[in-house]
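For reference, target-v2.cif (mmCIF, C-alpha atoms):
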```cif
data_coords
loop_
_atom_site.label_atom_id
_atom_site.label_comp_id
_atom_site.auth_asym_id
_atom_site.auth_seq_id
_atom_site.Cartn_x
_atom_site.Cartn_y
_atom_site.Cartn_z
CA MET M 277 -31.90 61.80 -17.74
CA LYS M 278 -28.28 60.99 -18.44
CA LYS M 279 -27.30 61.99 -14.91
CA MET M 280 -30.09 59.82 -13.51
CA LYS M 281 -28.84 56.78 -15.46
CA THR M 282 -25.32 57.41 -14.24
CA LEU M 283 -26.53 57.64 -10.65
CA ILE M 284 -28.55 54.42 -10.96
CA ALA M 285 -25.55 52.61 -12.45
CA ALA M 286 -23.36 53.80 -9.59
CA LEU M 287 -25.90 52.64 -7.02
CA ILE M 288 -26.11 49.20 -8.65
CA ALA M 289 -22.33 48.90 -8.71
CA ALA M 290 -22.11 49.87 -5.05
CA THR M 291 -24.81 47.36 -4.12
CA VAL M 292 -23.03 44.54 -5.97
CA PHE M 293 -19.73 45.45 -4.30
CA VAL M 294 -21.24 45.44 -0.82
CA SER M 295 -23.14 42.19 -1.38
CA CYS M 296 -20.02 40.43 -2.69
CA ALA M 297 -17.72 41.69 0.03
CA LYS M 298 -16.95 39.14 2.75
CA GLU M 299 -15.62 39.70 6.21
CA THR M 300 -11.97 38.76 6.41
CA VAL M 301 -11.34 36.02 8.95
CA VAL M 302 -7.87 36.11 10.46
CA ILE M 303 -6.68 33.11 12.49
CA ASN M 304 -3.11 33.07 13.72
CA SER M 305 -3.45 30.90 16.82
CA ALA M 306 -5.90 28.94 18.96
CA ALA M 307 -6.78 32.21 20.67
CA ASP M 308 -8.47 33.33 17.44
CA LEU M 309 -10.82 30.31 17.24
CA PRO M 310 -13.71 31.46 19.51
CA GLY M 311 -16.84 32.25 17.52
CA LYS M 312 -15.44 30.77 14.30
CA LYS M 313 -16.77 28.02 12.04
CA ILE M 314 -14.53 25.06 12.81
CA GLY M 315 -14.34 21.64 11.18
CA VAL M 316 -13.22 18.54 13.08
CA GLN M 317 -13.14 14.78 12.56
CA SER M 318 -15.92 13.08 14.49
CA GLY M 319 -14.84 11.20 17.61
CA THR M 320 -11.31 12.65 17.73
CA THR M 321 -9.46 14.58 20.40
CA GLY M 322 -9.52 17.57 18.04
CA GLU M 323 -13.31 17.55 18.22
CA LEU M 324 -13.16 17.22 22.02
CA TYR M 325 -10.71 20.13 22.29
CA VAL M 326 -12.94 22.48 20.32
CA GLN M 327 -16.05 21.40 22.23
CA GLU M 328 -14.44 21.96 25.63
CA ASN M 329 -12.12 24.92 25.02
CA VAL M 330 -13.39 27.13 22.20
CA GLU M 331 -16.23 29.44 23.20
CA ASN M 332 -19.13 29.99 20.81
CA ALA M 333 -17.53 27.81 18.15
CA LYS M 334 -19.77 26.75 15.29
CA ILE M 335 -18.59 23.13 15.08
CA SER M 336 -19.04 20.87 12.05
CA SER M 337 -18.03 17.22 12.52
CA PHE M 338 -16.90 15.14 9.54
CA LYS M 339 -16.09 11.50 8.89
CA SER M 340 -12.59 12.50 7.83
CA GLY M 341 -10.21 15.43 7.99
CA ILE M 342 -10.15 15.49 4.19
CA ASP M 343 -13.89 16.16 4.06
CA ALA M 344 -13.47 19.01 6.54
CA ALA M 345 -10.63 20.47 4.45
CA LEU M 346 -12.85 20.53 1.35
CA ASP M 347 -15.41 22.66 3.22
CA LEU M 348 -12.58 24.89 4.41
CA LYS M 349 -11.42 25.41 0.83
CA SER M 350 -14.94 26.33 -0.29
CA GLY M 351 -15.27 28.95 2.45
CA ALA M 352 -17.90 27.06 4.46
CA LEU M 353 -15.45 26.82 7.38
CA ASP M 354 -12.93 29.21 8.90
CA ALA M 355 -10.55 26.53 10.20
CA VAL M 356 -10.02 22.82 10.77
CA VAL M 357 -8.47 21.33 13.92
CA LEU M 358 -6.70 18.03 13.22
CA ASP M 359 -3.70 15.87 14.15
CA GLU M 360 -0.43 17.18 12.74
CA LEU M 361 0.66 14.43 10.32
CA PRO M 362 -2.70 13.97 8.54
CA ALA M 363 -2.93 17.76 8.37
CA LYS M 364 0.47 17.89 6.65
CA GLN M 365 -0.71 15.35 4.07
CA ILE M 366 -3.83 17.43 3.36
CA VAL M 367 -1.91 20.69 2.99
CA ALA M 368 0.70 19.04 0.75
CA ARG M 369 -2.12 18.22 -1.68
CA ASN M 370 -3.94 21.54 -1.28
CA PRO M 371 -1.46 24.42 -1.61
CA GLU M 372 -4.14 27.04 -0.93
CA LEU M 373 -4.23 25.82 2.68
CA LYS M 374 -1.64 26.19 5.44
CA ILE M 375 -0.96 24.87 8.94
CA ILE M 376 -0.78 26.95 12.10
CA HIS M 377 1.03 25.52 15.12
CA ASP M 378 0.06 26.70 18.57
CA GLN M 379 2.06 26.41 21.78
CA THR M 380 -1.07 25.21 23.59
CA PHE M 381 -1.05 22.07 21.46
CA ALA M 382 2.73 21.68 21.56
CA ASP M 383 2.61 21.70 25.37
CA ASN M 384 -0.08 19.01 25.38
CA LYS M 385 1.15 16.34 22.99
CA GLU M 386 -1.00 13.23 22.57
CA ALA M 387 0.22 9.65 22.72
CA TYR M 388 -1.01 7.07 20.20
CA ALA M 389 -1.56 3.49 21.32
CA ILE M 390 -3.36 0.34 20.17
CA ALA M 391 -6.67 -0.49 21.83
CA VAL M 392 -8.00 -3.94 22.75
CA LYS M 393 -11.20 -5.08 24.41
CA LYS M 394 -11.22 -4.72 28.19
CA GLY M 395 -9.64 -7.78 29.78
CA ASN M 396 -8.02 -9.18 26.63
CA SER M 397 -4.63 -9.52 28.34
CA THR M 398 -3.28 -12.18 25.95
CA LEU M 399 -3.59 -9.97 22.88
CA LEU M 400 -2.42 -6.91 24.80
CA GLU M 401 0.77 -8.68 25.90
CA ASN M 402 1.37 -9.80 22.30
CA ILE M 403 0.98 -6.24 21.02
CA ASN M 404 3.29 -4.79 23.66
CA ALA M 405 5.89 -7.42 22.80
CA VAL M 406 5.70 -6.45 19.11
CA ILE M 407 6.09 -2.74 19.90
CA ALA M 408 9.12 -3.48 22.09
CA GLU M 409 10.69 -5.74 19.44
CA MET M 410 10.17 -3.15 16.70
CA LYS M 411 11.88 -0.47 18.74
CA SER M 412 14.82 -2.71 19.61
CA ASN M 413 15.46 -4.35 16.22
CA GLY M 414 15.16 -1.23 14.04
CA ASP M 415 11.77 -2.04 12.48
CA TYR M 416 10.13 0.93 14.18
CA GLU M 417 12.69 3.38 12.83
CA ALA M 418 12.37 1.79 9.39
CA LEU M 419 8.60 2.32 9.39
CA VAL M 420 8.99 5.94 10.51
CA ASN M 421 11.45 6.54 7.66
CA ALA M 422 9.13 4.80 5.19
CA PHE M 423 5.88 6.58 6.08
CA MET M 424 7.21 9.86 7.50
CA PRO M 425 10.30 10.62 5.39
CA ALA M 426 11.95 14.02 5.61
CA ASP M 427 11.58 14.54 1.85
CA GLY M 428 7.89 13.59 1.89
CA ASN M 429 8.31 10.69 -0.53
CA ILE M 430 6.60 7.75 1.16
CA THR M 431 7.88 4.26 0.39
CA ILE M 432 5.33 1.60 1.26
CA PRO M 433 7.12 -1.47 2.70
CA GLU M 434 6.37 -4.92 1.40
CA ALA M 435 3.50 -6.51 3.30
CA ILE M 436 4.34 -9.19 5.86
CA ALA M 437 2.44 -12.31 4.85
CA SER M 438 1.02 -14.66 7.44
CA SER M 439 0.03 -18.27 6.84
CA GLY M 440 -1.98 -18.62 10.02
CA SER M 441 -5.58 -19.78 9.66
CA LYS M 442 -6.84 -17.66 12.56
CA LYS M 443 -8.26 -14.31 11.43
CA ILE M 444 -7.15 -11.32 13.50
CA LYS M 445 -9.24 -8.26 12.71
CA LEU M 446 -7.66 -4.81 12.85
CA GLY M 447 -10.20 -1.99 13.01
CA THR M 448 -9.17 1.33 11.53
CA ASN M 449 -10.36 4.48 9.77
CA ALA M 450 -8.43 4.67 6.50
CA THR M 451 -8.55 8.45 6.12
CA PHE M 452 -5.62 9.24 8.39
CA PRO M 453 -2.37 9.27 6.40
CA PRO M 454 0.37 8.26 6.95
CA PHE M 455 -0.99 5.94 9.64
CA GLU M 456 -3.82 4.42 7.57
CA TYR M 457 -5.06 5.34 4.11
CA VAL M 458 -6.13 3.85 0.79
CA ASN M 459 -3.47 3.29 -1.85
CA GLY M 460 -5.01 1.85 -5.01
CA LYS M 461 -7.13 -1.04 -3.74
CA ASP M 462 -5.16 -1.56 -0.54
CA ILE M 463 -5.30 -0.01 2.90
CA VAL M 464 -1.75 0.82 3.93
CA GLY M 465 0.06 2.90 6.50
CA PHE M 466 2.25 2.83 9.58
CA ASP M 467 -0.46 1.23 11.73
CA ILE M 468 -1.28 -1.38 9.08
CA SER M 469 2.35 -2.48 8.80
CA MET M 470 2.52 -2.71 12.58
CA GLY M 471 -0.72 -4.72 12.55
CA GLN M 472 0.84 -7.21 10.14
CA ARG M 473 3.62 -7.83 12.64
CA ILE M 474 1.09 -8.28 15.44
CA ALA M 475 -0.86 -10.87 13.43
CA SER M 476 2.33 -12.68 12.43
CA LYS M 477 3.50 -12.97 16.04
CA ALA M 478 0.08 -14.34 17.00
CA GLU M 479 0.36 -16.86 14.13
CA GLY M 480 -2.75 -15.42 12.57
CA SER M 481 -3.84 -13.78 9.34
CA LEU M 482 -4.53 -10.03 9.44
CA GLU M 483 -7.85 -8.69 8.18
CA VAL M 484 -8.20 -4.90 8.00
CA VAL M 485 -11.70 -3.58 8.72
CA ASP M 486 -12.28 0.02 7.65
CA MET M 487 -15.01 2.02 9.39
CA ALA M 488 -15.86 5.46 10.76
CA PHE M 489 -13.53 6.53 13.56
CA ASP M 490 -16.33 6.99 16.07
CA SER M 491 -17.55 3.42 15.36
CA LEU M 492 -14.26 1.76 16.30
CA ILE M 493 -14.67 1.44 20.06
CA PRO M 494 -18.27 0.12 19.83
CA ALA M 495 -17.05 -2.42 17.23
CA LEU M 496 -14.26 -3.50 19.56
CA GLN M 497 -16.64 -3.90 22.48
CA SER M 498 -19.05 -5.98 20.40
CA GLY M 499 -16.28 -8.29 19.14
CA THR M 500 -16.58 -7.21 15.51
CA ILE M 501 -12.85 -6.40 15.55
CA ASP M 502 -9.98 -7.65 17.72
CA PHE M 503 -7.94 -4.46 18.11
CA ILE M 504 -7.87 -0.83 16.99
CA ALA M 505 -4.86 0.69 15.25
CA ALA M 506 -5.99 4.08 14.01
CA GLY M 507 -3.73 6.81 15.32
CA MET M 508 -5.89 6.73 18.44
CA SER M 509 -4.84 9.00 21.28
CA VAL M 510 -4.87 7.71 24.83
CA THR M 511 -7.43 9.60 26.93
CA GLU M 512 -8.92 8.97 30.35
CA GLU M 513 -12.40 8.72 28.83
CA ARG M 514 -11.31 6.05 26.35
CA LYS M 515 -9.54 4.11 29.11
CA LYS M 516 -12.97 3.49 30.63
CA ASN M 517 -13.97 1.49 27.55
CA VAL M 518 -10.76 -0.12 26.23
CA ASP M 519 -7.33 -1.30 27.36
CA PHE M 520 -4.42 0.47 25.69
CA SER M 521 -1.06 -0.90 24.67
CA ASP M 522 2.24 0.81 25.33
CA GLU M 523 2.44 4.15 23.53
CA TYR M 524 4.12 4.10 20.14
CA PHE M 525 3.90 7.66 18.80
CA GLU M 526 3.40 11.26 19.93
CA SER M 527 1.47 13.90 18.03
CA GLU M 528 -0.21 17.25 18.54
CA GLN M 529 -3.21 19.09 17.18
CA VAL M 530 -2.75 21.85 14.58
CA ILE M 531 -5.04 24.36 12.88
CA ILE M 532 -5.57 24.35 9.11
CA VAL M 533 -6.67 27.62 7.49
CA ARG M 534 -6.82 29.14 4.02
CA LYS M 535 -3.76 31.10 2.98
#
```
Structure translated into structure tokens:
Amino acid sequence: MKKMKTLIAALIAATVFVSCAKETVVINSAADLPGKKIGVQSGTTGELYVQENVENAKISSFKSGIDAALDLKSGALDAVVLDELPAKQIVARNPELKIIHDQTFADNKEAYAIAVKKGNSTLLENINAVIAEMKSNGDYEALVNAFMPADGNITIPEAIASSGSKKIKLGTNATFPPFEYVNGKDIVGFDISMGQRIASKAEGSLEVVDMAFDSLIPALQSGTIDFIAAGMSVTEERKKNVDFSDEYFESEQVIIVRK
């Protein structure tokens, strides 16, 4: 009887061990993504990359990269594909995660630009003039140093006030630090500071409208917003629906995984 009890106990222990054991998922590059559970931000080029290039991927689309990272931490996902700078912000706040760079992404950097409604040449010219001025007078470099400092300590610049009565609406998705994110009660970031300069040059007052990333282009087309500043990459598909400004930043996709 004693031997039988011992055998039963051993069998139970073995069953528990097997049921608790999980397959180890190893991802060291984009080549390891096929067949994996991958999180992406809805409407982004990261989502498009996984859809078009990763075979048999089990894709989950989220409203923000942060939401995807939470599912990654819990084990519901194997990886997240996201733009580099927002990914760095997420990993800085979640030390159990890490970033993997891949040469495929490095060789195909993406350019960010501001989008306006098709045919809105007046606003587009104003935006391009602001971008050129910022790069020539040092404001661009100052914003890079403020929101993307080498030591990681962001210093939010003082907002540029505008006394103009005309409302100029900037559409964004405030889950994309350091370009746009919520700080206390305010939406701040590189793109927001640039938007303040755009509104000031147009003698208008900036209003920031926060919405889901994949709602931005429809909102622009309907006239709900005047321009999009949201770390938006220039793609041929988007060019069919919006006019883009001159490029103002380059980025690349990265892979976030658990350590």
Let me make sure I understand: among M:Met508, M:Ile390, M:Leu353, M:Leu346, which one has the smallest atom-to-atom distance to Arg369 in chain M if we use all atoms listed in the file?
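Comparing M:Met508, M:Ile390, M:Leu353, M:Leu346 against Arg369 in chain M, the winner is M:Leu346.
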Which value, in Å to one decimal, gives the distance between CA of His377 in chain M and CA of Val530 in chain M?
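Distance between the two atoms: 5.3 Å.
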Provide the CA of Ile366 in chain M to CA of Glu328 in chain M distance in Å, to one decimal place.
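Computed distance, CA of Ile366 in chain M to CA of Glu328 in chain M, equals 25.1 Å.
Put simply, the PyMOL selection byres ((chain M and resi 354) around 10) on this file hits M:Thr300, M:Val301, M:Val302, M:Ile303, M:Leu309, M:Gly311, M:Lys312, M:Lys313, M:Ile314, M:Gly315, M:Lys334, M:Asp347, M:Leu348, M:Lys349, M:Ser350, M:Gly351, M:Ala352, M:Leu353, M:Ala355, M:Val356, M:Ile532, M:Val533, M:Arg534.
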Restricting the calculation to all atoms listed in the file, which member of M:Asn304, M:Asp415, M:Asp359, M:Val464 is positioned closest to Lys385 in chain M?
M:Asp359
Name the residues, using the chain letters and numbers of the file, that sit within 10 Å of (6.9, -10.6, 13.3) when counting all atoms listed in the file, and give them as a VMD selection string.
chain M and resid 406 409 to 410 415 436 to 438 470 to 479
Neighbours of Ser397 in chain M within 12 Å (all atoms listed in the file; same-chain residues fewer than 4 positions away dropped), as a VMD selection string?
chain M and resid 391 to 393 401 to 404 503 518 to 521
Which polymer residues have any atom within 12 Å of an atom of range 489-500 of chain M, counting only C-alpha atoms, with same-chain residues fewer than 2 positions away left out, as an MDAnalysis selection string?
chainID M and resid 317:321 323 337:341 390:396 443:452 456 483:487 502:509 513:520
In Å and to one decimal, CA of Asn370 in chain M is distant from CA of Phe455 in chain M by 19.3 Å
Could you state which residues are captured by the PyMOL selection byres ((chain M and resi 528) around 10) in this file, as a ChimeraX atom specification?
/M:321-322,358-361,377-387,509,526-527,529-530
Hits of the PyMOL selection byres ((chain M and resi 523) around 7) in this structure, as a list in words:
Ala387, Tyr388, Ala389, Ser521, Asp522, Tyr524 and Phe525 of chain M
